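query-v1.pdb follows; it contains PDB, C-alpha atoms.
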ATOM      1  CA  MET A   1     128.799 -24.412  28.480  1.00  0.00           C
ATOM      2  CA  ILE A   2     128.970 -21.106  30.297  1.00  0.00           C
ATOM      3  CA  VAL A   3     130.881 -21.190  33.572  1.00  0.00           C
ATOM      4  CA  TYR A   4     130.168 -18.470  36.119  1.00  0.00           C
ATOM      5  CA  PRO A   5     132.297 -17.677  39.153  1.00  0.00           C
ATOM      6  CA  VAL A   6     130.848 -18.595  42.535  1.00  0.00           C
ATOM      7  CA  PRO A   7     129.257 -15.481  44.041  1.00  0.00           C
ATOM      8  CA  ALA A   8     130.645 -14.219  47.341  1.00  0.00           C
ATOM      9  CA  GLU A   9     127.297 -14.769  49.074  1.00  0.00           C
ATOM     10  CA  VAL A  10     127.397 -18.496  48.279  1.00  0.00           C
ATOM     11  CA  THR A  11     130.978 -18.822  49.472  1.00  0.00           C
ATOM     12  CA  GLN A  12     130.183 -16.900  52.642  1.00  0.00           C
ATOM     13  CA  ALA A  13     127.183 -19.141  53.395  1.00  0.00           C
ATOM     14  CA  ARG A  14     129.300 -22.260  52.843  1.00  0.00           C
ATOM     15  CA  ILE A  15     132.007 -20.977  55.168  1.00  0.00           C
ATOM     16  CA  GLN A  16     129.453 -20.244  57.900  1.00  0.00           C
ATOM     17  CA  LEU A  17     128.076 -23.774  57.509  1.00  0.00           C
ATOM     18  CA  LEU A  18     131.573 -25.234  57.843  1.00  0.00           C
ATOM     19  CA  VAL A  19     132.316 -23.097  60.912  1.00  0.00           C
ATOM     20  CA  ASP A  20     129.106 -24.208  62.612  1.00  0.00           C
ATOM     21  CA  GLN A  21     129.664 -27.859  61.704  1.00  0.00           C
ATOM     22  CA  THR A  22     133.195 -27.709  63.111  1.00  0.00           C
ATOM     23  CA  ALA A  23     131.909 -26.067  66.290  1.00  0.00           C
ATOM     24  CA  LYS A  24     129.255 -28.795  66.570  1.00  0.00           C
ATOM     25  CA  ALA A  25     126.439 -26.252  66.571  1.00  0.00           C
ATOM     26  CA  PRO A  26     122.874 -27.363  67.338  1.00  0.00           C
ATOM     27  CA  PRO A  27     121.000 -29.070  64.479  1.00  0.00           C
ATOM     28  CA  ASN A  28     118.644 -26.134  63.966  1.00  0.00           C
ATOM     29  CA  THR A  29     121.659 -23.841  63.372  1.00  0.00           C
ATOM     30  CA  ILE A  30     123.100 -26.296  60.843  1.00  0.00           C
ATOM     31  CA  ASN A  31     119.715 -26.488  59.102  1.00  0.00           C
ATOM     32  CA  GLU A  32     119.526 -22.688  58.925  1.00  0.00           C
ATOM     33  CA  ASP A  33     123.035 -22.605  57.455  1.00  0.00           C
ATOM     34  CA  LEU A  34     122.060 -25.195  54.840  1.00  0.00           C
ATOM     35  CA  LYS A  35     118.996 -23.162  53.952  1.00  0.00           C
ATOM     36  CA  ALA A  36     121.185 -20.064  53.605  1.00  0.00           C
ATOM     37  CA  VAL A  37     123.500 -21.930  51.198  1.00  0.00           C
ATOM     38  CA  TYR A  38     120.566 -23.163  49.091  1.00  0.00           C
ATOM     39  CA  ASP A  39     118.953 -19.718  49.068  1.00  0.00           C
ATOM     40  CA  ALA A  40     122.204 -18.018  48.050  1.00  0.00           C
ATOM     41  CA  LYS A  41     122.731 -20.546  45.246  1.00  0.00           C
ATOM     42  CA  SER A  42     119.175 -20.108  44.031  1.00  0.00           C
ATOM     43  CA  GLN A  43     119.413 -16.321  43.987  1.00  0.00           C
ATOM     44  CA  ALA A  44     122.775 -16.464  42.200  1.00  0.00           C
ATOM     45  CA  GLN A  45     121.426 -18.851  39.558  1.00  0.00           C
ATOM     46  CA  GLN A  46     118.375 -16.654  39.019  1.00  0.00           C
ATOM     47  CA  ALA A  47     120.546 -13.564  38.614  1.00  0.00           C
ATOM     48  CA  GLN A  48     122.852 -15.390  36.201  1.00  0.00           C
ATOM     49  CA  ALA A  49     119.910 -16.630  34.130  1.00  0.00           C
ATOM     50  CA  GLU A  50     118.454 -13.123  33.944  1.00  0.00           C
ATOM     51  CA  GLN A  51     121.828 -11.685  32.981  1.00  0.00           C
ATOM     52  CA  HIS A  52     122.326 -14.344  30.306  1.00  0.00           C
ATOM     53  CA  ALA A  53     118.844 -13.738  28.889  1.00  0.00           C
ATOM     54  CA  GLU A  54     119.474  -9.993  28.850  1.00  0.00           C
ATOM     55  CA  GLN A  55     122.789 -10.439  27.046  1.00  0.00           C
ATOM     56  CA  HIS A  56     121.184 -12.786  24.553  1.00  0.00           C
ATOM     57  CA  ALA A  57     118.382 -10.315  23.881  1.00  0.00           C
ATOM     58  CA  GLN A  58     120.849  -7.482  23.335  1.00  0.00           C
ATOM     59  CA  ALA A  59     122.994  -9.455  20.905  1.00  0.00           C
ATOM     60  CA  GLU A  60     122.929  -8.107  17.393  1.00  0.00           C
ATOM     61  CA  PRO A  61     120.883 -10.279  15.081  1.00  0.00           C
ATOM     62  CA  THR A  62     122.835 -12.101  12.425  1.00  0.00           C
ATOM     63  CA  ALA A  63     122.325 -10.585   9.005  1.00  0.00           C
ATOM     64  CA  LEU A  64     120.889 -12.946   6.461  1.00  0.00           C
ATOM     65  CA  VAL A  65     122.573 -12.873   3.098  1.00  0.00           C
ATOM     66  CA  ASP A  66     120.815 -14.072  -0.010  1.00  0.00           C
ATOM     67  CA  VAL A  67     123.437 -15.127  -2.513  1.00  0.00           C
ATOM     68  CA  LYS A  68     122.333 -16.180  -5.982  1.00  0.00           C
ATOM     69  CA  VAL A  69     124.810 -17.790  -8.274  1.00  0.00           C
TER      70      VAL A  69
END
Go through the file and emit its structure as structure tokens.
Amino acid sequence: MIVYPVPAEVTQARIQLLVDQTAKAPPNTINEDLKAVYDAKSQAQQAQAEQHAEQHAQAEPTALVDVKV
């Protein structure tokens, strides 16, 4: 299993959500913060998937060896 660090954008969105929840912000502000967290997570996952696919594509193919005994 590959573990990626949490991107700064996701952490920042979570902190803003916590700040607004603590300040008892209006529900529409909380909903916008939640959407920002989900969007940041989605973008980070997409970027990680693309990066992983790119790394996998660039990996050197394993040489096949035909050994006859």
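Using all atoms listed in the file, the protein and nucleic acid residues lying no more than 8 Å from segment 29-41 of chain A, apart from those fewer than 6 places from it along its own chain, are Glu9, Val10, Ala13, Arg14, Gln16, Leu17, Asp20 and Gln21 of chain A.
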Could the residues in this selection be written to a file with C-alpha atoms, as an mmCIF file, in the coordinates of the input?
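The file below, again_35.cif, is the result:
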data_model
loop_
_atom_site.group_PDB
_atom_site.id
_atom_site.type_symbol
_atom_site.label_atom_id
_atom_site.label_comp_id
_atom_site.auth_asym_id
_atom_site.auth_seq_id
_atom_site.Cartn_x
_atom_site.Cartn_y
_atom_site.Cartn_z
ATOM 1 C CA GLU A 9 127.297 -14.769 49.074
ATOM 2 C CA VAL A 10 127.397 -18.496 48.279
ATOM 3 C CA ALA A 13 127.183 -19.141 53.395
ATOM 4 C CA ARG A 14 129.300 -22.260 52.843
ATOM 5 C CA GLN A 16 129.453 -20.244 57.900
ATOM 6 C CA LEU A 17 128.076 -23.774 57.509
ATOM 7 C CA ASP A 20 129.106 -24.208 62.612
ATOM 8 C CA GLN A 21 129.664 -27.859 61.704
#
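With atom CA of Lys24 of chain A on one side and atom CA of Pro7 of chain A on the other, the separation reads 26.2 Å.
For the pair atom CA of Gln43 of chain A and atom CA of Leu18 of chain A, the interatomic distance is 20.5 Å.
For the atom pair formed by atom CA of Ala23 of chain A and atom CA of Ala44 of chain A, the distance is 27.5 Å, given to one decimal.
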